Structures are given as C-alpha cells and as structure tokens.
>>> print(open('input22.cif').read())   # mmCIF, C-alpha atoms and all ligand atoms
data_final
#
loop_
_atom_site.group_PDB
_atom_site.id
_atom_site.type_symbol
_atom_site.label_atom_id
_atom_site.label_comp_id
_atom_site.auth_asym_id
_atom_site.auth_seq_id
_atom_site.Cartn_x
_atom_site.Cartn_y
_atom_site.Cartn_z
ATOM 1 C CA MET A 496 63.699 176.589 17.718
ATOM 2 C CA LYS A 497 64.013 175.886 14.015
ATOM 3 C CA LYS A 498 67.468 176.460 12.558
ATOM 4 C CA ASP A 499 67.968 178.615 9.490
ATOM 5 C CA PRO A 500 68.361 175.988 6.720
ATOM 6 C CA ARG A 501 71.311 177.911 5.257
ATOM 7 C CA SER A 502 73.323 177.410 8.460
ATOM 8 C CA ILE A 503 72.819 173.613 8.631
ATOM 9 C CA THR A 504 76.000 171.661 7.904
ATOM 10 C CA LEU A 505 76.625 168.064 6.828
ATOM 11 C CA VAL A 506 77.811 167.354 10.389
ATOM 12 C CA ASP A 507 74.495 168.680 11.854
ATOM 13 C CA GLN A 508 72.509 166.614 9.404
ATOM 14 C CA ARG A 509 74.432 163.378 10.015
ATOM 15 C CA ARG A 510 74.194 163.816 13.804
ATOM 16 C CA PHE A 511 70.415 164.226 13.489
ATOM 17 C CA ILE A 512 70.176 161.106 11.285
ATOM 18 C CA GLY A 513 72.168 159.151 13.868
ATOM 19 C CA GLU A 514 69.780 160.262 16.627
ATOM 20 C CA ILE A 515 66.636 159.205 14.819
ATOM 21 C CA ALA A 516 68.106 156.118 13.102
ATOM 22 C CA GLU A 517 66.284 153.456 15.120
ATOM 23 C CA ALA A 518 62.819 155.078 15.055
ATOM 24 C CA TYR A 519 63.169 156.121 11.398
ATOM 25 C CA THR A 520 64.158 152.608 10.358
ATOM 26 C CA GLY A 521 61.233 151.125 12.291
ATOM 27 C CA GLU A 522 58.781 153.409 10.468
ATOM 28 C CA ARG A 523 60.355 152.662 7.087
ATOM 29 C CA PHE A 524 60.134 148.890 7.565
ATOM 30 C CA ALA A 525 56.504 149.317 8.688
ATOM 31 C CA ALA A 526 55.845 151.094 5.367
ATOM 32 C CA ALA A 527 57.654 148.446 3.291
ATOM 33 C CA SER A 528 54.584 147.319 1.344
ATOM 34 C CA SER A 529 53.871 150.801 -0.051
ATOM 35 C CA ILE A 530 57.565 151.287 -0.922
ATOM 36 C CA GLN A 531 57.474 147.938 -2.709
ATOM 37 C CA GLU A 532 54.562 149.088 -4.899
ATOM 38 C CA ASP A 533 56.475 152.142 -6.150
ATOM 39 C CA LEU A 534 59.690 150.177 -6.634
ATOM 40 C CA ALA A 535 57.966 147.439 -8.633
ATOM 41 C CA ALA A 536 57.147 149.868 -11.463
ATOM 42 C CA ILE A 537 60.819 150.874 -11.674
ATOM 43 C CA LEU A 538 62.140 147.316 -11.502
ATOM 44 C CA ALA A 539 59.810 146.371 -14.352
ATOM 45 C CA LYS A 540 61.590 148.972 -16.524
ATOM 46 C CA VAL A 541 65.163 148.003 -15.609
ATOM 47 C CA SER A 542 65.793 144.307 -15.918
ATOM 48 C CA ASP A 543 69.616 144.378 -15.755
ATOM 49 C CA ASP A 544 71.784 144.199 -12.620
ATOM 50 C CA PRO A 545 73.668 145.231 -10.538
ATOM 51 C CA LEU A 546 71.704 147.823 -8.591
ATOM 52 C CA LEU A 547 72.814 150.361 -5.999
ATOM 53 C CA GLU A 548 70.664 151.925 -3.250
ATOM 54 C CA LEU A 549 72.479 155.154 -2.441
ATOM 55 C CA GLY A 550 71.782 156.636 1.008
ATOM 56 C CA ALA A 551 70.431 153.265 2.081
ATOM 57 C CA GLY A 552 69.548 154.226 5.686
ATOM 58 C CA GLY A 553 68.462 151.165 7.684
ATOM 59 C CA GLY A 554 68.222 149.143 4.476
ATOM 60 C CA VAL A 555 64.506 148.784 3.752
ATOM 61 C CA VAL A 556 64.812 149.528 0.026
ATOM 62 C CA LEU A 557 67.952 147.410 -0.320
ATOM 63 C CA GLU A 558 66.176 144.492 1.303
ATOM 64 C CA LEU A 559 63.205 144.869 -1.062
ATOM 65 C CA LEU A 560 65.545 144.938 -4.078
ATOM 66 C CA ARG A 561 67.321 141.782 -2.904
ATOM 67 C CA LYS A 562 64.040 140.040 -2.092
ATOM 68 C CA ALA A 563 62.966 140.783 -5.663
ATOM 69 C CA GLY A 564 65.887 138.524 -6.647
ATOM 70 C CA ARG A 565 68.130 141.358 -7.851
ATOM 71 C CA SER A 566 71.852 141.729 -7.278
ATOM 72 C CA ALA A 567 71.915 144.912 -5.194
ATOM 73 C CA TRP A 568 74.240 146.845 -2.894
ATOM 74 C CA GLY A 569 73.568 149.664 -0.465
ATOM 75 C CA VAL A 570 75.808 152.575 0.506
ATOM 76 C CA GLU A 571 75.269 154.504 3.721
ATOM 77 C CA VAL A 572 77.506 156.986 5.543
ATOM 78 C CA VAL A 573 75.998 157.228 9.084
ATOM 79 C CA ASP A 574 77.207 154.557 11.602
ATOM 80 C CA GLU A 575 73.882 154.255 13.424
ATOM 81 C CA MET A 576 72.028 153.512 10.185
ATOM 82 C CA ILE A 577 74.553 150.789 9.284
ATOM 83 C CA LEU A 578 73.934 149.328 12.746
ATOM 84 C CA GLN A 579 70.153 149.314 12.170
ATOM 85 C CA ALA A 580 70.608 147.476 8.868
ATOM 86 C CA ARG A 581 72.906 144.941 10.539
ATOM 87 C CA ARG A 582 70.380 144.349 13.347
ATOM 88 C CA ARG A 583 67.723 143.600 10.766
ATOM 89 C CA GLY A 584 70.003 141.214 8.894
ATOM 90 C CA VAL A 585 70.086 143.296 5.689
ATOM 91 C CA LYS A 586 72.862 142.011 3.429
ATOM 92 C CA GLY A 587 74.947 144.002 0.949
ATOM 93 C CA MET A 588 75.402 147.208 2.983
ATOM 94 C CA ILE A 589 78.664 149.096 2.508
ATOM 95 C CA GLN A 590 79.694 152.018 4.689
ATOM 96 C CA ALA A 591 80.975 154.819 2.451
ATOM 97 C CA ASP A 592 80.341 158.410 1.449
ATOM 98 C CA GLY A 593 78.164 158.545 -1.648
ATOM 99 C CA CYS A 594 80.312 161.422 -2.900
ATOM 100 C CA ASP A 595 83.327 159.096 -3.123
ATOM 101 C CA LEU A 596 82.023 155.670 -4.065
ATOM 102 C CA PRO A 597 84.257 152.567 -3.963
ATOM 103 C CA PHE A 598 83.105 151.411 -7.427
ATOM 104 C CA PRO A 599 84.518 151.728 -10.974
ATOM 105 C CA ASP A 600 82.901 153.923 -13.632
ATOM 106 C CA ALA A 601 79.719 152.685 -15.345
ATOM 107 C CA ARG A 602 79.120 149.807 -12.906
ATOM 108 C CA PHE A 603 75.366 149.970 -12.184
ATOM 109 C CA ALA A 604 72.259 149.503 -14.332
ATOM 110 C CA LEU A 605 70.032 151.188 -11.733
ATOM 111 C CA ILE A 606 70.777 153.467 -8.785
ATOM 112 C CA THR A 607 67.994 154.294 -6.356
ATOM 113 C CA LEU A 608 68.134 157.539 -4.381
ATOM 114 C CA TRP A 609 64.989 156.727 -2.489
ATOM 115 C CA GLY A 610 62.945 158.077 0.428
ATOM 116 C CA ASN A 611 63.827 161.771 0.456
ATOM 117 C CA THR A 612 67.593 161.302 0.484
ATOM 118 C CA LEU A 613 68.579 164.113 -1.889
ATOM 119 C CA GLY A 614 66.494 167.058 -0.613
ATOM 120 C CA PRO A 615 67.622 167.269 3.032
ATOM 121 C CA ILE A 616 71.355 167.241 2.124
ATOM 122 C CA PRO A 617 72.475 170.741 3.087
ATOM 123 C CA GLY A 618 74.165 172.829 0.408
ATOM 124 C CA ARG A 619 73.587 172.622 -3.331
ATOM 125 C CA ASP A 620 77.269 171.767 -3.891
ATOM 126 C CA ASN A 621 76.977 168.727 -1.622
ATOM 127 C CA ARG A 622 73.874 167.526 -3.489
ATOM 128 C CA LEU A 623 75.602 168.035 -6.844
ATOM 129 C CA ARG A 624 78.686 166.090 -5.678
ATOM 130 C CA LEU A 625 76.430 163.159 -4.798
ATOM 131 C CA LEU A 626 74.620 163.335 -8.145
ATOM 132 C CA ARG A 627 77.862 163.595 -10.160
ATOM 133 C CA GLU A 628 79.309 160.600 -8.348
ATOM 134 C CA SER A 629 76.093 158.628 -9.065
ATOM 135 C CA SER A 630 76.402 159.595 -12.711
ATOM 136 C CA ARG A 631 80.010 158.339 -12.771
ATOM 137 C CA VAL A 632 79.111 154.844 -11.499
ATOM 138 C CA LEU A 633 75.940 154.576 -13.637
ATOM 139 C CA ARG A 634 76.058 152.748 -16.964
ATOM 140 C CA PRO A 635 75.486 154.978 -20.019
ATOM 141 C CA ASP A 636 72.149 153.202 -20.601
ATOM 142 C CA GLY A 637 71.316 153.019 -16.873
ATOM 143 C CA TRP A 638 68.816 154.926 -14.738
ATOM 144 C CA LEU A 639 68.889 156.840 -11.487
ATOM 145 C CA ALA A 640 65.523 156.512 -9.707
ATOM 146 C CA VAL A 641 65.172 159.558 -7.504
ATOM 147 C CA THR A 642 62.383 160.571 -5.135
ATOM 148 C CA ALA A 643 61.958 164.093 -3.750
ATOM 149 C CA LEU A 644 59.219 166.012 -1.940
ATOM 150 C CA ASN A 645 56.807 167.711 -4.336
ATOM 151 C CA ARG A 646 56.216 171.394 -3.755
ATOM 152 C CA PHE A 647 52.763 171.156 -5.344
ATOM 153 C CA ALA A 648 51.490 168.144 -3.429
ATOM 154 C CA GLY A 649 47.952 168.571 -2.166
ATOM 155 C CA PRO A 650 47.488 169.317 1.586
ATOM 156 C CA ARG A 651 46.422 165.762 2.416
ATOM 157 C CA ARG A 652 49.568 164.334 0.928
ATOM 158 C CA MET A 653 51.714 166.960 2.641
ATOM 159 C CA LEU A 654 50.118 166.003 5.960
ATOM 160 C CA LYS A 655 50.953 162.362 5.333
ATOM 161 C CA GLN A 656 54.610 163.280 4.983
ATOM 162 C CA GLN A 657 54.578 165.519 8.088
ATOM 163 C CA GLU A 658 52.870 162.806 10.100
ATOM 164 C CA PHE A 659 55.581 160.313 9.146
ATOM 165 C CA SER A 660 58.272 162.756 10.193
ATOM 166 C CA PHE A 661 56.603 163.590 13.538
ATOM 167 C CA ARG A 662 56.122 159.901 14.346
ATOM 168 C CA PHE A 663 59.759 158.925 14.138
ATOM 169 C CA GLN A 664 60.864 162.010 16.030
ATOM 170 C CA LEU A 665 58.382 161.387 18.833
ATOM 171 C CA GLN A 666 59.557 157.804 19.100
ATOM 172 C CA SER A 667 63.223 158.726 19.127
ATOM 173 C CA GLY A 668 62.645 161.442 21.732
ATOM 174 C CA ARG A 669 64.867 163.685 19.609
ATOM 175 C CA TRP A 670 62.944 166.776 18.712
ATOM 176 C CA SER A 671 65.682 168.217 16.604
ATOM 177 C CA SER A 672 66.070 171.760 15.383
ATOM 178 C CA LEU A 673 66.327 170.094 11.973
ATOM 179 C CA SER A 674 62.885 168.516 12.289
ATOM 180 C CA GLY A 675 61.239 170.873 9.840
ATOM 181 C CA TYR A 676 64.184 170.985 7.497
ATOM 182 C CA ASN A 677 63.200 169.637 4.131
ATOM 183 C CA ARG A 678 63.471 170.725 0.538
ATOM 184 C CA TYR A 679 60.300 170.788 -1.571
ATOM 185 C CA TYR A 680 60.928 170.740 -5.311
ATOM 186 C CA THR A 681 58.874 171.680 -8.330
ATOM 187 C CA ARG A 682 59.472 169.172 -11.112
ATOM 188 C CA GLY A 683 61.448 171.834 -12.972
ATOM 189 C CA GLN A 684 63.739 172.497 -9.981
ATOM 190 C CA LEU A 685 64.416 168.807 -9.538
ATOM 191 C CA LYS A 686 65.247 168.364 -13.211
ATOM 192 C CA ARG A 687 67.559 171.401 -13.149
ATOM 193 C CA GLU A 688 69.482 169.980 -10.194
ATOM 194 C CA LEU A 689 69.715 166.588 -11.898
ATOM 195 C CA ARG A 690 70.935 168.202 -15.141
ATOM 196 C CA GLU A 691 73.689 169.983 -13.228
ATOM 197 C CA GLY A 692 74.533 166.662 -11.604
ATOM 198 C CA GLY A 693 75.160 165.039 -14.990
ATOM 199 C CA PHE A 694 71.757 163.729 -16.098
ATOM 200 C CA SER A 695 69.939 164.653 -19.297
ATOM 201 C CA ARG A 696 67.149 162.108 -19.978
ATOM 202 C CA PHE A 697 64.044 161.960 -17.800
ATOM 203 C CA ARG A 698 61.014 159.739 -17.331
ATOM 204 C CA ILE A 699 58.314 160.808 -14.907
ATOM 205 C CA GLN A 700 56.840 158.108 -12.680
ATOM 206 C CA SER A 701 54.473 159.988 -10.349
ATOM 207 C CA GLY A 702 51.568 162.368 -10.823
ATOM 208 C CA PHE A 703 51.581 166.146 -10.503
ATOM 209 C CA THR A 704 49.976 166.223 -7.004
ATOM 210 C CA ASP A 705 51.632 163.143 -5.486
ATOM 211 C CA TYR A 706 53.597 164.028 -2.378
ATOM 212 C CA MET A 707 56.826 162.634 -3.807
ATOM 213 C CA HIS A 708 58.213 163.146 -7.282
ATOM 214 C CA ILE A 709 59.462 159.836 -8.602
ATOM 215 C CA LEU A 710 61.708 160.434 -11.559
ATOM 216 C CA LEU A 711 63.972 158.232 -13.644
ATOM 217 C CA ALA A 712 67.039 160.131 -14.819
ATOM 218 C CA GLY A 713 69.566 158.905 -17.389
ATOM 219 C CA LYS A 714 72.904 160.336 -18.500
HETATM 220 C C1 LIG A 801 65.989 159.908 4.322
HETATM 221 S S1 LIG A 801 67.086 158.571 4.519
HETATM 222 C C2 LIG A 801 66.450 157.382 3.341
HETATM 223 C C3 LIG A 801 66.950 155.984 3.628
HETATM 224 C C4 LIG A 801 66.489 154.924 2.635
HETATM 225 N N1 LIG A 801 66.860 155.261 1.283
HETATM 226 C C5 LIG A 801 64.989 154.721 2.715
HETATM 227 O O1 LIG A 801 64.298 154.939 1.708
HETATM 228 O O2 LIG A 801 64.508 154.348 3.790
HETATM 229 C C6 LIG A 801 68.522 159.216 3.704
HETATM 230 C C7 LIG A 801 69.810 158.445 4.029
HETATM 231 O O3 LIG A 801 70.838 158.867 3.120
HETATM 232 C C8 LIG A 801 72.050 158.911 3.825
HETATM 233 N N2 LIG A 801 72.990 159.788 3.143
HETATM 234 C C9 LIG A 801 72.896 161.125 2.957
HETATM 235 N N3 LIG A 801 73.993 161.582 2.324
HETATM 236 C C10 LIG A 801 74.778 160.505 2.095
HETATM 237 C C11 LIG A 801 76.053 160.335 1.477
HETATM 238 N N4 LIG A 801 76.749 161.367 0.980
HETATM 239 N N5 LIG A 801 76.575 159.104 1.417
HETATM 240 C C12 LIG A 801 75.902 158.034 1.917
HETATM 241 N N6 LIG A 801 74.706 158.126 2.529
HETATM 242 C C13 LIG A 801 74.160 159.354 2.611
HETATM 243 C C14 LIG A 801 71.631 159.442 5.197
HETATM 244 O O4 LIG A 801 72.597 159.179 6.174
HETATM 245 C C15 LIG A 801 70.302 158.720 5.427
HETATM 246 O O5 LIG A 801 70.488 157.514 6.123
#
>>> encode(input="input22.cif", output="structure tokens")
Amino acid sequence: MKKDPRSITLVDQRRFIGEIAEAYTGERFAAASSIQEDLAAILAKVSDDPLLELGAGGGVVLELLRKAGRSAWGVEVVDEMILQARRRGVKGMIQADGCDLPFPDARFALITLWGNTLGPIPGRDNRLRLLRESSRVLRPDGWLAVTALNRFAGPRRMLKQQEFSFRFQLQSGRWSSLSGYNRYYTRGQLKRELREGGFSRFRIQSGFTDYMHILLAGK
C-alpha cells in the first residue's frame, strides 16, 4: 500500500534508497550517455572549478564530471550508495549529510543537484536545509544546477520516468511503499523553493514539457 507522503520520514527515505541502491545505480550508469548530453550544456556555461555533485548516489554524475576533466567531488549520505560508487571505482566521493557539508563558505563554482534528488526529500524544511547549505558553499558568482520532475510534462515523458522507476524496483525486488513517492513541480513552485533556500537568479535549461526541469540557480 502507498504511504501518505506527509508521514514519510528521512529515515524511511534513506532505508528505501539503501534497498534499491544497486539496481538504481545500474540503471543510472546504463543511462550515462543521456545524462552526459544534459550536463554538457551546463559545463559549457561554467568553466571554473571545483564542482560538487550533491546527493551523488552511486556516482554516475560525479564520474561524468571527472571524465570531462573537471575537479569534482561528490557528497552522499546513504552507506549502500557509497558502496556502489566504490565498487565502480568512482573517485572523489565523500560520505556526509548535505545539510552539514564539510566545506568552507563559497568553495564551489558549480553544484549539481542532479537526477531527482531534491523532490523526494520528505519535508519542506529538510529540502530548504539542503538548499541553504548548498548556497553557503557556493561562490557568489557560482551556479546550482538542479533537476526536478516537471508537473506539466507530457504523458509520454511521464511514462518514461515511471518506467525507469519501475525497472530499478523490479530488479531490486524491493517494491517499497515509497515507490510512488515523488514531488512534481511547476517551474514557479521550484523557483519559490529555491528562493527560500537562498537563490535569486535563474536560468532555464529545459523546455516547458520536458519531464525534468533543469534550472541553473545563482545566489
Ligand atoms: C535520486 S538519487 C540521485 C543520485 C545521483 N545524483 C544521480 O543523478 O544518479 C538522490 C541521492 O541523493 C542522496 N541524498 C538525499 N539527501 C541527501 C543529503 N541530505 N545528503 C547527502 N545525500 C543525500 C540520496 O541518498 C540519493 O542517493
């Protein structure tokens, strides 16, 4: 049975992520070429280093950033995801909570919050803590590249997202009560959350009906 989203806690969410870590990471690495396409447009806009991939999961985005020759680090909180990254030989992963980052103020030129990391975090306060901490470690002229599910995506694109989610759950054998738990944003809702999290400049990277918003946010 599906759980009421309002009753899901950070502990529930992190347990679920641990359970699906291996299958999720496999699917993400299989999709690496399409991720690379979207990332390339962002990397072309931000030429300075260092970079941070926040909520790095099994490390696919971090690996792409490093393969692009950039100086990049990844932060991930769930043990099983760190293990997946280690198994795949991804370098630069740090285990930490993104709400309490082990970096000084204004350290990074670009922070990626990629692959639907923000939306599924339960509780607006928890999402805002993560955004405010990203804003703290971002340079004043830096950018946060954030992706989030688009509420107005066309049905075909929505299906693509659902199919991805079903595939990794089938493979992991963990049909969690959290399986359908996702947050779909209008562009306005996403910007409002980012503003509350300390961001005020925006550049839109993806079209109105794409299944993910891709937004660059600056302080
Ligand atoms: C949907 S996955 C995306 C992984 C990766 N960015 C990608 O594109 O494949 C989101 C990841 O963010 C991590 N995460 C969520 N909240 C976090 C926090 N406060 N600190 C560090 N990692 C966090 C989760 O554990 C999960 O591995």
>>> closest_residue(input="input22.cif", among="A:Ala518, A:Leu689, A:Leu538, A:Leu560", to="Gly614 (chain A)", atoms="only C-alpha atoms")
A:Leu689
>>> residues_near_ligand(input="input22.cif", ligand="ligand LIG 801 (chain A)", cutoff="6 Å", atoms="all atoms listed in the file", output="MDAnalysis selection string")
chainID A and resid 509 512 523 550:552 555:556 570:573 576 592:594 609:612
>>> closest_residue(input="input22.cif", among="A:Gly702, A:Gly683, A:Gly713, A:Gly649", to="Asp636 (chain A)", atoms="only C-alpha atoms")
A:Gly713
>>> residues_around(input="input22.cif", residues="Leu578 (chain A)", least_positions_apart="3", cutoff="12 Å", atoms="all atoms listed in the file", output="JSON, numbers by chain")
{"A": [513, 516, 517, 520, 551, 552, 553, 554, 571, 572, 573, 574, 575, 581, 582, 583, 584, 585, 586, 588, 589, 590]}
>>> closest_residue(input="input22.cif", among="A:Lys686, A:Arg662, A:Arg602, A:Arg698", to="Glu522 (chain A)", atoms="all atoms listed in the file")
A:Arg662
>>> atom_distance(input="input22.cif", atom1="CA of Pro545 (chain A)", atom2="CA of Val632 (chain A)")
11.1 Å
>>> atom_distance(input="input22.cif", atom1="CA of Asp533 (chain A)", atom2="CA of Ser701 (chain A)")
9.1 Å
>>> resolve_selection(input="input22.cif", expression="the PyMOL selection byres (((chain A and resi 693) around 7) and not hetatm)", output="list in words")
Arg627, Ser630, Leu689, Arg690, Glu691, Gly692, Phe694, Ser695 and Lys714 of chain A
>>> resolve_selection(input="input22.cif", expression="the PyMOL selection byres (((chain A and resi 641-648) around 9) and not hetatm)", output="ChimeraX atom specification")
/A:606-614,639-640,649-653,656,677-682,685,703-712
>>> closest_residue(input="input22.cif", among="A:Gly587, A:Ile515, A:Asp507, A:Glu688", to="Arg622 (chain A)", atoms="all atoms listed in the file")
A:Glu688
>>> resolve_selection(input="input22.cif", expression="the PyMOL selection byres (((chain A and resi 505) around 12) and not hetatm)", output="number ranges by chain")
A: 500-504, 506-512, 572-573, 592, 615-622, 673
>>> atom_distance(input="input22.cif", atom1="CA of Ile699 (chain A)", atom2="CA of Pro599 (chain A)")
28.0 Å
>>> axis_aligned_box(input="input22.cif", around="region 615-625 of chain A", padding_each_side="4 Å", output="AutoDock Vina command-line options")
--center_x 73.2 --center_y 168.0 --center_z -1.9 --size_x 19.1 --size_y 17.7 --size_z 17.9
>>> closest_residue(input="input22.cif", among="A:Asp595, A:Glu548, A:Glu658, A:Asp600", to="Gly569 (chain A)", atoms="only C-alpha atoms")
A:Glu548
>>> residues_near_point(input="input22.cif", point="(75.1, 151.7, -15.5)", cutoff="8 Å", atoms="all atoms listed in the file", output="list in words")
Ala601, Arg602, Phe603, Ala604, Leu605, Val632, Leu633, Arg634, Pro635, Asp636, Gly637 and Trp638 of chain A
>>> closest_residue(input="input22.cif", among="A:Ala591, A:Trp568, A:Ala525, A:Glu514", to="Gln664 (chain A)", atoms="all atoms listed in the file")
A:Glu514
>>> decode(input="input22.cif", residues="region 525-580 of chain A", atoms="C-alpha atoms", output="short mmCIF file (atom, residue, chain, number, x, y, z; two decimals), in the first residue's frame")
data_model
loop_
_atom_site.label_atom_id
_atom_site.label_comp_id
_atom_site.auth_asym_id
_atom_site.auth_seq_id
_atom_site.Cartn_x
_atom_site.Cartn_y
_atom_site.Cartn_z
CA ALA A 525 23.18 2.50 -18.27
CA ALA A 526 21.68 5.95 -18.94
CA ALA A 527 25.05 7.74 -18.69
CA SER A 528 25.11 8.95 -22.30
CA SER A 529 21.82 10.85 -21.99
CA ILE A 530 22.91 12.35 -18.65
CA GLN A 531 26.14 13.44 -20.32
CA GLU A 532 24.22 15.33 -23.01
CA ASP A 533 22.32 17.42 -20.45
CA LEU A 534 25.42 18.01 -18.34
CA ALA A 535 27.48 19.17 -21.31
CA ALA A 536 25.28 22.24 -21.79
CA ILE A 537 25.81 23.20 -18.14
CA LEU A 538 29.56 22.56 -18.18
CA ALA A 539 29.85 24.79 -21.24
CA LYS A 540 28.42 27.66 -19.15
CA VAL A 541 30.59 27.14 -16.06
CA SER A 542 34.24 26.84 -16.88
CA ASP A 543 35.65 27.28 -13.35
CA ASP A 544 36.29 24.53 -10.78
CA PRO A 545 35.83 23.00 -8.25
CA LEU A 546 32.47 21.30 -8.69
CA LEU A 547 30.28 19.44 -6.21
CA GLU A 548 27.70 16.74 -7.02
CA LEU A 549 25.36 16.84 -4.03
CA GLY A 550 23.33 13.67 -3.40
CA ALA A 551 25.76 11.78 -5.61
CA GLY A 552 24.12 8.33 -5.29
CA GLY A 553 26.26 5.65 -6.96
CA GLY A 554 28.39 8.34 -8.58
CA VAL A 555 27.35 8.41 -12.24
CA VAL A 556 27.23 12.21 -12.49
CA LEU A 557 30.42 12.63 -10.48
CA GLU A 558 32.21 10.23 -12.79
CA LEU A 559 30.99 12.14 -15.86
CA LEU A 560 32.19 15.43 -14.36
CA ARG A 561 35.62 13.97 -13.63
CA LYS A 562 35.84 12.35 -17.06
CA ALA A 563 35.17 15.79 -18.53
CA GLY A 564 38.48 16.76 -16.90
CA ARG A 565 36.91 18.81 -14.10
CA SER A 566 37.95 18.90 -10.46
CA ALA A 567 34.82 17.49 -8.82
CA TRP A 568 33.69 15.98 -5.52
CA GLY A 569 30.57 14.05 -4.60
CA VAL A 570 28.67 14.00 -1.31
CA GLU A 571 26.32 11.17 -0.42
CA VAL A 572 24.71 10.21 2.90
CA VAL A 573 23.49 6.59 2.37
CA ASP A 574 26.10 3.83 3.05
CA GLU A 575 24.87 1.50 0.30
CA MET A 576 25.21 4.21 -2.34
CA ILE A 577 28.78 4.96 -1.22
CA LEU A 578 29.47 1.23 -1.56
CA GLN A 579 28.08 1.21 -5.13
CA ALA A 580 30.32 4.13 -6.08
#
